[in-house]
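Q: Below is the file run28.txt, with compact mmCIF, C-alpha atoms.
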# COMPACT_ATOMS: atom_id res chain seq x y z
CA MET A 197 65.23 10.47 86.18
CA THR A 198 68.31 11.72 88.02
CA GLU A 199 68.60 15.50 88.11
CA ILE A 200 71.96 16.91 87.06
CA ALA A 201 73.12 19.71 89.33
CA LEU A 202 76.24 20.70 87.38
CA LYS A 203 77.31 19.73 83.88
CA ILE A 204 80.57 20.75 82.23
CA GLU A 205 81.26 19.79 78.62
CA GLN A 206 84.49 20.23 76.65
CA LEU A 207 85.60 23.15 78.76
CA ASN A 208 88.82 24.84 77.70
CA GLN A 209 90.26 27.75 79.61
CA GLY A 210 93.52 29.66 79.63
CA TYR A 211 95.34 32.93 79.89
CA GLY A 212 97.12 34.23 76.82
CA ASN A 213 98.93 31.32 75.20
CA HIS A 214 98.87 29.26 78.40
CA ALA A 215 96.21 26.53 78.61
CA VAL A 216 94.92 26.05 82.16
CA LEU A 217 92.01 23.66 81.57
CA VAL A 218 91.86 21.25 78.65
CA ASP A 219 88.76 19.36 77.50
CA ILE A 220 87.11 19.19 80.92
CA ASN A 221 84.00 17.01 81.05
CA LEU A 222 82.22 16.56 84.36
CA SER A 223 78.65 15.79 85.37
CA ILE A 224 77.45 15.98 88.99
CA ASN A 225 74.07 14.59 89.99
CA ARG A 226 71.91 16.24 92.60
CA GLY A 227 72.78 14.83 96.00
CA GLU A 228 76.36 13.90 95.11
CA TYR A 229 79.42 15.03 97.04
CA ILE A 230 82.44 15.59 94.79
CA GLY A 231 85.96 16.45 95.94
CA LEU A 232 88.21 18.22 93.43
CA VAL A 233 91.89 17.65 94.18
CA GLY A 234 95.13 18.61 92.49
CA MET A 235 98.47 20.31 93.00
CA ASN A 236 98.78 24.07 93.35
CA GLY A 237 98.32 25.53 89.89
CA ALA A 238 96.43 22.51 88.59
CA GLY A 239 93.44 24.69 87.68
CA LYS A 240 91.01 23.96 90.53
CA THR A 241 90.16 27.59 91.32
CA THR A 242 90.04 28.44 87.61
CA LEU A 243 87.48 25.68 87.12
CA ILE A 244 85.34 27.01 89.98
CA LYS A 245 85.61 30.57 88.67
CA SER A 246 84.54 29.35 85.24
CA VAL A 247 81.43 27.70 86.70
CA LEU A 248 80.56 30.96 88.46
CA ASP A 249 81.14 32.97 85.25
CA PHE A 250 83.73 35.07 87.04
CA ILE A 251 85.93 34.50 83.99
CA SER A 252 84.83 33.92 80.42
CA ILE A 253 85.49 30.42 79.14
CA ARG A 254 87.27 29.95 75.82
CA THR A 255 85.19 27.05 74.61
CA GLY A 256 82.74 24.59 76.09
CA LYS A 257 79.46 24.53 77.93
CA ILE A 258 78.48 24.76 81.59
CA GLU A 259 74.98 24.20 82.96
CA ILE A 260 73.70 24.59 86.53
CA PHE A 261 70.50 22.63 87.03
CA GLY A 262 69.89 22.73 83.29
CA GLN A 263 70.51 26.46 82.83
CA SER A 264 73.50 28.04 81.15
CA HIS A 265 75.99 29.34 83.70
CA ARG A 266 75.94 32.63 81.79
CA GLN A 267 72.41 33.26 83.01
CA THR A 268 72.40 35.04 86.34
CA SER A 269 69.33 33.07 87.41
CA SER A 270 71.28 29.79 87.22
CA ARG A 271 73.53 30.88 90.07
CA GLN A 272 70.57 31.45 92.37
CA ALA A 273 70.68 27.69 92.94
CA LEU A 274 74.13 27.73 94.52
CA SER A 275 76.04 29.13 97.45
CA PHE A 276 79.75 29.86 97.03
CA LEU A 277 82.57 30.13 99.54
CA PRO A 278 85.92 31.38 98.17
CA GLU A 279 89.26 30.12 99.44
CA LYS A 280 90.36 33.40 101.02
CA PHE A 281 87.19 34.51 102.69
CA LEU A 282 86.85 37.55 104.94
CA PRO A 283 83.55 39.34 105.64
CA PRO A 284 83.60 43.17 105.39
CA TYR A 285 85.80 44.27 108.28
CA TYR A 286 83.48 47.09 109.38
CA LEU A 287 80.52 44.76 110.10
CA THR A 288 79.78 42.74 113.18
CA GLY A 289 79.09 39.04 112.76
CA LYS A 290 75.38 39.63 113.19
CA ASP A 291 75.40 42.45 110.61
CA PHE A 292 77.15 40.16 108.12
CA LEU A 293 74.71 37.26 108.56
CA SER A 294 71.73 39.66 108.36
CA CYS A 295 73.09 41.15 105.14
CA MET A 296 73.64 37.72 103.59
CA ALA A 297 70.18 36.56 104.66
CA GLU A 298 68.65 39.59 102.96
CA LEU A 299 70.64 38.99 99.77
CA ASN A 300 69.61 35.32 99.77
CA GLN A 301 66.02 36.23 100.58
CA VAL A 302 65.81 33.97 103.61
CA LYS A 303 64.56 34.77 107.09
CA LEU A 304 67.25 34.86 109.76
CA LYS A 305 65.97 33.03 112.84
CA ASN A 306 67.75 33.05 116.18
CA ALA A 307 67.06 29.33 116.67
CA THR A 308 68.68 28.54 113.31
CA ILE A 309 71.73 30.66 114.12
CA GLU A 310 72.16 28.96 117.50
CA TYR A 311 71.82 25.55 115.87
CA LEU A 312 74.44 26.32 113.22
CA PHE A 313 76.79 27.94 115.70
CA ASP A 314 76.65 24.81 117.81
CA LEU A 315 77.34 22.66 114.75
CA LEU A 316 80.31 24.78 113.66
CA ASP A 317 81.64 25.39 117.18
CA ILE A 318 81.14 29.17 117.05
CA ASP A 319 80.84 31.21 120.25
CA ILE A 320 77.50 33.03 120.13
CA LEU A 321 79.23 36.11 121.57
CA ALA A 322 81.11 36.45 118.26
CA LEU A 323 77.90 37.84 116.73
CA ASN A 324 78.48 41.18 118.40
CA LYS A 325 82.19 41.45 117.63
CA PRO A 326 83.52 43.40 114.62
CA VAL A 327 84.77 41.13 111.84
CA ARG A 328 88.18 42.84 111.95
CA HIS A 329 88.80 41.09 115.26
CA TYR A 330 88.10 37.62 113.86
CA SER A 331 90.79 35.01 113.35
CA LYS A 332 91.07 33.31 109.95
CA GLY A 333 89.24 30.29 111.34
CA MET A 334 86.41 32.36 112.81
CA ALA A 335 85.91 34.26 109.55
CA GLN A 336 85.81 30.92 107.71
CA LYS A 337 83.16 29.61 110.08
CA PHE A 338 80.97 32.67 109.48
CA GLY A 339 81.35 32.20 105.73
CA LEU A 340 80.27 28.58 106.04
CA ALA A 341 77.35 29.55 108.29
CA SER A 342 76.12 32.07 105.71
CA CYS A 343 76.29 29.43 102.98
CA PHE A 344 74.26 26.95 105.01
CA LEU A 345 71.74 29.65 105.94
CA SER A 346 71.22 30.41 102.24
CA GLN A 347 69.39 27.05 101.84
CA ARG A 348 70.68 26.62 98.28
CA PRO A 349 70.68 23.11 96.77
CA LEU A 350 74.27 23.35 95.44
CA LEU A 351 77.22 24.19 97.68
CA LEU A 352 80.35 25.24 95.80
CA PHE A 353 83.37 25.63 98.07
CA ASP A 354 87.02 26.45 97.35
CA GLU A 355 89.14 24.98 100.17
CA PRO A 356 86.35 25.08 102.82
CA MET A 357 88.56 23.60 105.55
CA SER A 358 91.13 26.40 105.20
CA GLY A 359 91.96 27.93 108.58
CA LEU A 360 89.81 25.50 110.58
CA ASP A 361 91.28 23.72 113.57
CA PRO A 362 90.85 19.91 113.90
CA LYS A 363 87.75 20.24 116.08
CA ALA A 364 86.03 22.64 113.66
CA ARG A 365 86.95 20.39 110.71
CA ALA A 366 85.40 17.40 112.46
CA TYR A 367 82.24 19.39 113.24
CA LEU A 368 81.98 20.61 109.65
CA LYS A 369 82.39 17.13 108.20
CA ARG A 370 79.74 15.81 110.56
CA HIS A 371 77.34 18.54 109.43
CA LEU A 372 78.04 17.90 105.74
CA ILE A 373 77.39 14.19 106.18
CA GLY A 374 74.07 15.04 107.82
CA LEU A 375 73.15 17.38 104.95
CA LYS A 376 73.26 14.48 102.48
CA GLU A 377 69.87 13.43 103.81
CA THR A 378 68.43 16.69 102.42
CA HIS A 379 69.81 15.93 98.91
CA LYS A 380 72.25 18.84 98.94
CA THR A 381 74.96 18.75 96.30
CA LEU A 382 78.53 19.54 97.29
CA PHE A 383 81.41 20.35 94.93
CA PHE A 384 84.57 21.51 96.65
CA SER A 385 88.28 21.80 96.06
CA THR A 386 90.69 20.59 98.69
CA HIS A 387 94.19 19.35 99.46
CA LEU A 388 92.90 17.20 102.32
CA LEU A 389 92.46 13.72 100.89
CA ALA A 390 91.24 12.32 104.22
CA ASP A 391 88.22 14.64 103.99
CA VAL A 392 87.47 13.46 100.47
CA GLU A 393 87.73 9.84 101.54
CA SER A 394 85.38 10.29 104.49
CA ILE A 395 82.58 12.36 102.94
CA CYS A 396 82.72 12.22 99.12
CA ASP A 397 80.99 9.97 96.62
CA ARG A 398 83.63 10.77 94.03
CA ILE A 399 87.11 12.22 93.78
CA VAL A 400 88.05 14.20 90.68
CA VAL A 401 91.80 14.51 90.19
CA LEU A 402 92.89 17.51 88.14
CA HIS A 403 96.48 17.42 86.87
CA ASN A 404 98.18 19.45 84.16
CA GLY A 405 94.82 21.02 83.34
CA ARG A 406 93.12 17.68 82.66
CA ILE A 407 90.95 15.30 84.64
CA CYS A 408 93.07 12.19 85.12
CA PHE A 409 90.66 10.38 87.44
CA ASN A 410 86.93 10.61 88.17
CA GLY A 411 85.41 7.98 90.41
CA SER A 412 84.89 6.82 93.98
CA PRO A 413 87.78 6.93 96.45
CA SER A 414 87.68 3.15 96.75
CA THR A 415 87.82 2.75 92.96
CA CYS A 416 90.80 5.11 92.86
CA CYS A 417 92.64 2.99 95.42
CA ALA A 418 91.78 -0.20 93.55
CA LYS A 419 92.83 1.17 90.15
CA TYR A 420 96.23 2.25 91.40
CA ARG A 421 96.67 -0.70 93.76
CA ALA A 422 97.09 1.55 96.76
CA ASP A 423 96.26 0.98 100.42
CA ASN A 424 95.04 4.55 100.91
CA LEU A 425 93.81 7.49 98.88
CA GLU A 426 96.96 9.55 99.38
CA TYR A 427 99.14 6.88 97.79
CA ALA A 428 96.58 6.33 95.02
CA TYR A 429 96.57 10.05 94.27
CA LEU A 430 100.38 10.14 94.00
CA LYS A 431 100.37 7.17 91.62
CA CYS A 432 97.59 8.81 89.59
CA ILE A 433 99.46 12.07 88.97
CA ASP A 434 102.73 10.22 88.37
CA ALA A 435 101.03 8.16 85.67
CA ASP A 436 99.73 11.34 84.08
CA ALA A 437 103.07 13.16 84.19
Can you turn what I pasted into structure tokens?

A:
Amino acid sequence: MTEIALKIEQLNQGYGNHAVLVDINLSINRGEYIGLVGMNGAGKTTLIKSVLDFISIRTGKIEIFGQSHRQTSSRQALSFLPEKFLPPYYLTGKDFLSCMAELNQVKLKNATIEYLFDLLDIDILALNKPVRHYSKGMAQKFGLASCFLSQRPLLLFDEPMSGLDPKARAYLKRHLIGLKETHKTLFFSTHLLADVESICDRIVVLHNGRICFNGSPSTCCAKYRADNLEYAYLKCIDADA
């Protein structure tokens, strides 16, 4: 039987009288890679925050590996990277990774760090530099490294490619593709449709607070008679306008 990593049923969310998410239903199997796309303000970050129980949902049900998302223990199965990530400015890179390893109860090995740094194109000398001297891209790489070091089965990312240069993006995608062999589950929001097309099993299009498409990138292109995913996406949201 296929294990369900994340299950969202009839989720409704909003602020005051404004509805942000309406009747969201989504099931993600263990080992699947899902890209969540939508315009600014579509509700992508709100959906992720709801899964993490950062905000209370109005109605609906969310389960992480069969446990209610309201239970703290359910979130031990995931590693989260927010969109605007910056480690504490007063720490060095090594201090930050050591702190995260302790919180995640994993042993920090030099060989593992060197391996990940090579994968993410991080200069090993950055370990000894204070975080306040990091660029946006370097801080993002350290955030990604800490998530991979956590060894959690579910990776939940909000705009993981943010701030990365083309080389770092290519390296990250290559690493994510390799991780599929370990049955990791990836659920991430993005504006980069090319990344979804190259690494994801499914694309979930969120528009006006509703899911207007949920299926493979190739199915999306076929449904909207488009030559590429970008054009299919535009036709999808136009049809839902």

Q: Would you list the residues near (88.2, 17.5, 84.1) (no more than 6 Å away, in the coordinates of the file, using all atoms listed in the file) as a PyMOL selection string?

A: chain A and resi 220-221+406-407

Q: For A:Gly333, which of A:Met357, A:Leu293, A:Val218, A:Leu312 is the closest residue, counting all atoms listed in the file?

A: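 For A:Gly333, the nearest of the candidates is A:Met357.
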
Q: Hey, can you pull every residue with an atom no more than 10 Å from (86.2, 31.3, 74.2), using all atoms listed in the file, and send it as a PyMOL selection string?

A: chain A and resi 207-210+252-256

Q: So that I can check the surroundings of stretch 364-371 of chain A, please list as a list in words every protein, DNA and RNA residue that reaches within 9 Å of it, counting all atoms listed in the file and ignoring chain neighbours fewer than 3 positions away.

A: Leu315, Leu316, Asp317, Ile318, Gly333, Lys337, Leu340, Met357, Leu360, Asp361, Gly374, Leu375, Asp391, Ser394 and Ile395 of chain A

Q: So which one's closest to A:Arg398, A:Ser346, A:Gln267, A:Ser223, A:Gln336? Using all atoms listed in the file, please.

A: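 Of A:Ser346, A:Gln267, A:Ser223, A:Gln336, the one nearest A:Arg398 is A:Ser223, counting all atoms listed in the file.
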
Q: For A:Asn300, find every residue with an atom within 10 Å (counting all atoms listed in the file), except residues of its own chain fewer than 3 positions away, and show them as a PyMOL selection string.

A: chain A and resi 272+275+294-297+303+342-343+345-348

Q: Out of A:Phe292, A:Leu321, A:Phe261, A:Leu352, which residue has the shortest atom-to-atom distance to A:Leu248 when counting all atoms listed in the file?

A: A:Leu352

Q: Counting only C-alpha atoms, figure out which residue out of A:Asn410, A:Thr415, A:Ser331, A:Asn324 gets nearest to A:Phe281.

A: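 Closest residue, counting only C-alpha atoms: A:Ser331.
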
Q: With a distance cut-off of 6 Å and only C-alpha atoms, select the neighbouring residues of A:Val401, excluding the residue or stretch itself and same-chain residues fewer than 5 positions from it, and output the selection as a PyMOL selection string.

A: chain A and resi 233-234+407-409

Q: Given all atoms listed in the file as the basis, pick out the residue of A:Ser246, A:Ser414, A:Asn404, A:Thr386 nearest to A:Val216.

A: A:Asn404

Q: Grab all the atoms of stretch 292-300 of chain A that the file lists, wrap them in a box along x, y and z, add 3 Å per side, and give me centre plus edge lengths in Å (one decimal) as JSON.

A:
{"center_x": 72.9, "center_y": 38.2, "center_z": 104.2, "size_x": 14.5, "size_y": 11.8, "size_z": 14.8}

Q: Measure the distance from atom CA of A:Pro326 to atom CA of A:Asp314 in Å and round it to one decimal.

A: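 Value for the atom CA of A:Pro326-atom CA of A:Asp314 distance: 20.1 Å.
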
Q: Give me, please, the distance in Å between atom CA of A:Arg271 and atom CA of A:Pro356, quoted to one decimal.

A: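 Separation of atom CA of A:Arg271 and atom CA of A:Pro356: 19.0 Å.
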
Q: Do you have the atom CA of A:Cys396-atom CA of A:Asn236 distance handy?

A: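 A separation of 20.8 Å between them.
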
Q: Looking at all atoms listed in the file, which of A:Phe353, A:Tyr229, A:Tyr211, A:Tyr330 is the one that sits closest to A:Pro284?

A: A:Tyr330

Q: For stretch 250-272 of chain A, where the input has fewer atoms than it should, I would like N, CA and C atoms rebuilt and written as a PDB file, in the coordinates of the input.

A:
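Output below, filename rebuild02.pdb:
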ATOM      1  N   PHE A 250      82.851  33.977  86.636  1.00  0.00           N
ATOM      2  CA  PHE A 250      83.730  35.070  87.040  1.00  0.00           C
ATOM      3  C   PHE A 250      84.743  35.367  85.943  1.00  0.00           C
ATOM      4  N   ILE A 251      85.059  34.350  85.147  1.00  0.00           N
ATOM      5  CA  ILE A 251      85.930  34.500  83.990  1.00  0.00           C
ATOM      6  C   ILE A 251      85.260  33.856  82.789  1.00  0.00           C
ATOM      7  N   SER A 252      85.447  34.444  81.634  1.00  0.00           N
ATOM      8  CA  SER A 252      84.830  33.920  80.420  1.00  0.00           C
ATOM      9  C   SER A 252      85.581  32.685  79.940  1.00  0.00           C
ATOM     10  N   ILE A 253      84.848  31.639  79.620  1.00  0.00           N
ATOM     11  CA  ILE A 253      85.490  30.420  79.140  1.00  0.00           C
ATOM     12  C   ILE A 253      85.814  30.564  77.652  1.00  0.00           C
ATOM     13  N   ARG A 254      86.875  29.893  77.227  1.00  0.00           N
ATOM     14  CA  ARG A 254      87.270  29.950  75.820  1.00  0.00           C
ATOM     15  C   ARG A 254      86.296  29.156  74.964  1.00  0.00           C
ATOM     16  N   THR A 255      86.133  27.905  75.324  1.00  0.00           N
ATOM     17  CA  THR A 255      85.190  27.050  74.610  1.00  0.00           C
ATOM     18  C   THR A 255      84.537  26.109  75.613  1.00  0.00           C
ATOM     19  N   GLY A 256      83.405  25.555  75.233  1.00  0.00           N
ATOM     20  CA  GLY A 256      82.740  24.590  76.090  1.00  0.00           C
ATOM     21  C   GLY A 256      81.380  25.057  76.560  1.00  0.00           C
ATOM     22  N   LYS A 257      80.816  24.282  77.454  1.00  0.00           N
ATOM     23  CA  LYS A 257      79.460  24.530  77.930  1.00  0.00           C
ATOM     24  C   LYS A 257      79.346  24.151  79.395  1.00  0.00           C
ATOM     25  N   ILE A 258      78.710  25.025  80.166  1.00  0.00           N
ATOM     26  CA  ILE A 258      78.480  24.760  81.590  1.00  0.00           C
ATOM     27  C   ILE A 258      77.012  25.003  81.895  1.00  0.00           C
ATOM     28  N   GLU A 259      76.377  24.050  82.569  1.00  0.00           N
ATOM     29  CA  GLU A 259      74.980  24.200  82.960  1.00  0.00           C
ATOM     30  C   GLU A 259      74.831  23.932  84.448  1.00  0.00           C
ATOM     31  N   ILE A 260      74.024  24.752  85.108  1.00  0.00           N
ATOM     32  CA  ILE A 260      73.700  24.590  86.530  1.00  0.00           C
ATOM     33  C   ILE A 260      72.214  24.288  86.619  1.00  0.00           C
ATOM     34  N   PHE A 261      71.888  23.086  87.006  1.00  0.00           N
ATOM     35  CA  PHE A 261      70.500  22.630  87.030  1.00  0.00           C
ATOM     36  C   PHE A 261      69.791  22.913  85.706  1.00  0.00           C
ATOM     37  N   GLY A 262      70.484  22.630  84.619  1.00  0.00           N
ATOM     38  CA  GLY A 262      69.890  22.730  83.290  1.00  0.00           C
ATOM     39  C   GLY A 262      69.943  24.098  82.649  1.00  0.00           C
ATOM     40  N   GLN A 263      70.400  25.111  83.375  1.00  0.00           N
ATOM     41  CA  GLN A 263      70.510  26.460  82.830  1.00  0.00           C
ATOM     42  C   GLN A 263      71.962  26.813  82.522  1.00  0.00           C
ATOM     43  N   SER A 264      72.161  27.576  81.478  1.00  0.00           N
ATOM     44  CA  SER A 264      73.500  28.040  81.150  1.00  0.00           C
ATOM     45  C   SER A 264      74.074  28.841  82.312  1.00  0.00           C
ATOM     46  N   HIS A 265      75.350  28.618  82.605  1.00  0.00           N
ATOM     47  CA  HIS A 265      75.990  29.340  83.700  1.00  0.00           C
ATOM     48  C   HIS A 265      76.101  30.829  83.415  1.00  0.00           C
ATOM     49  N   ARG A 266      75.888  31.205  82.147  1.00  0.00           N
ATOM     50  CA  ARG A 266      75.940  32.630  81.790  1.00  0.00           C
ATOM     51  C   ARG A 266      74.692  33.364  82.249  1.00  0.00           C
ATOM     52  N   GLN A 267      73.632  32.637  82.519  1.00  0.00           N
ATOM     53  CA  GLN A 267      72.410  33.260  83.010  1.00  0.00           C
ATOM     54  C   GLN A 267      72.501  33.480  84.515  1.00  0.00           C
ATOM     55  N   THR A 268      72.298  34.707  84.923  1.00  0.00           N
ATOM     56  CA  THR A 268      72.400  35.040  86.340  1.00  0.00           C
ATOM     57  C   THR A 268      71.472  34.174  87.190  1.00  0.00           C
ATOM     58  N   SER A 269      70.312  33.856  86.661  1.00  0.00           N
ATOM     59  CA  SER A 269      69.330  33.070  87.410  1.00  0.00           C
ATOM     60  C   SER A 269      69.847  31.676  87.748  1.00  0.00           C
ATOM     61  N   SER A 270      70.764  31.140  86.950  1.00  0.00           N
ATOM     62  CA  SER A 270      71.280  29.790  87.220  1.00  0.00           C
ATOM     63  C   SER A 270      72.054  29.758  88.526  1.00  0.00           C
ATOM     64  N   ARG A 271      72.684  30.851  88.872  1.00  0.00           N
ATOM     65  CA  ARG A 271      73.530  30.880  90.070  1.00  0.00           C
ATOM     66  C   ARG A 271      72.728  31.133  91.345  1.00  0.00           C
ATOM     67  N   GLN A 272      71.424  31.344  91.196  1.00  0.00           N
ATOM     68  CA  GLN A 272      70.570  31.450  92.370  1.00  0.00           C
ATOM     69  C   GLN A 272      70.422  30.104  93.075  1.00  0.00           C
TER      70      GLN A 272
END
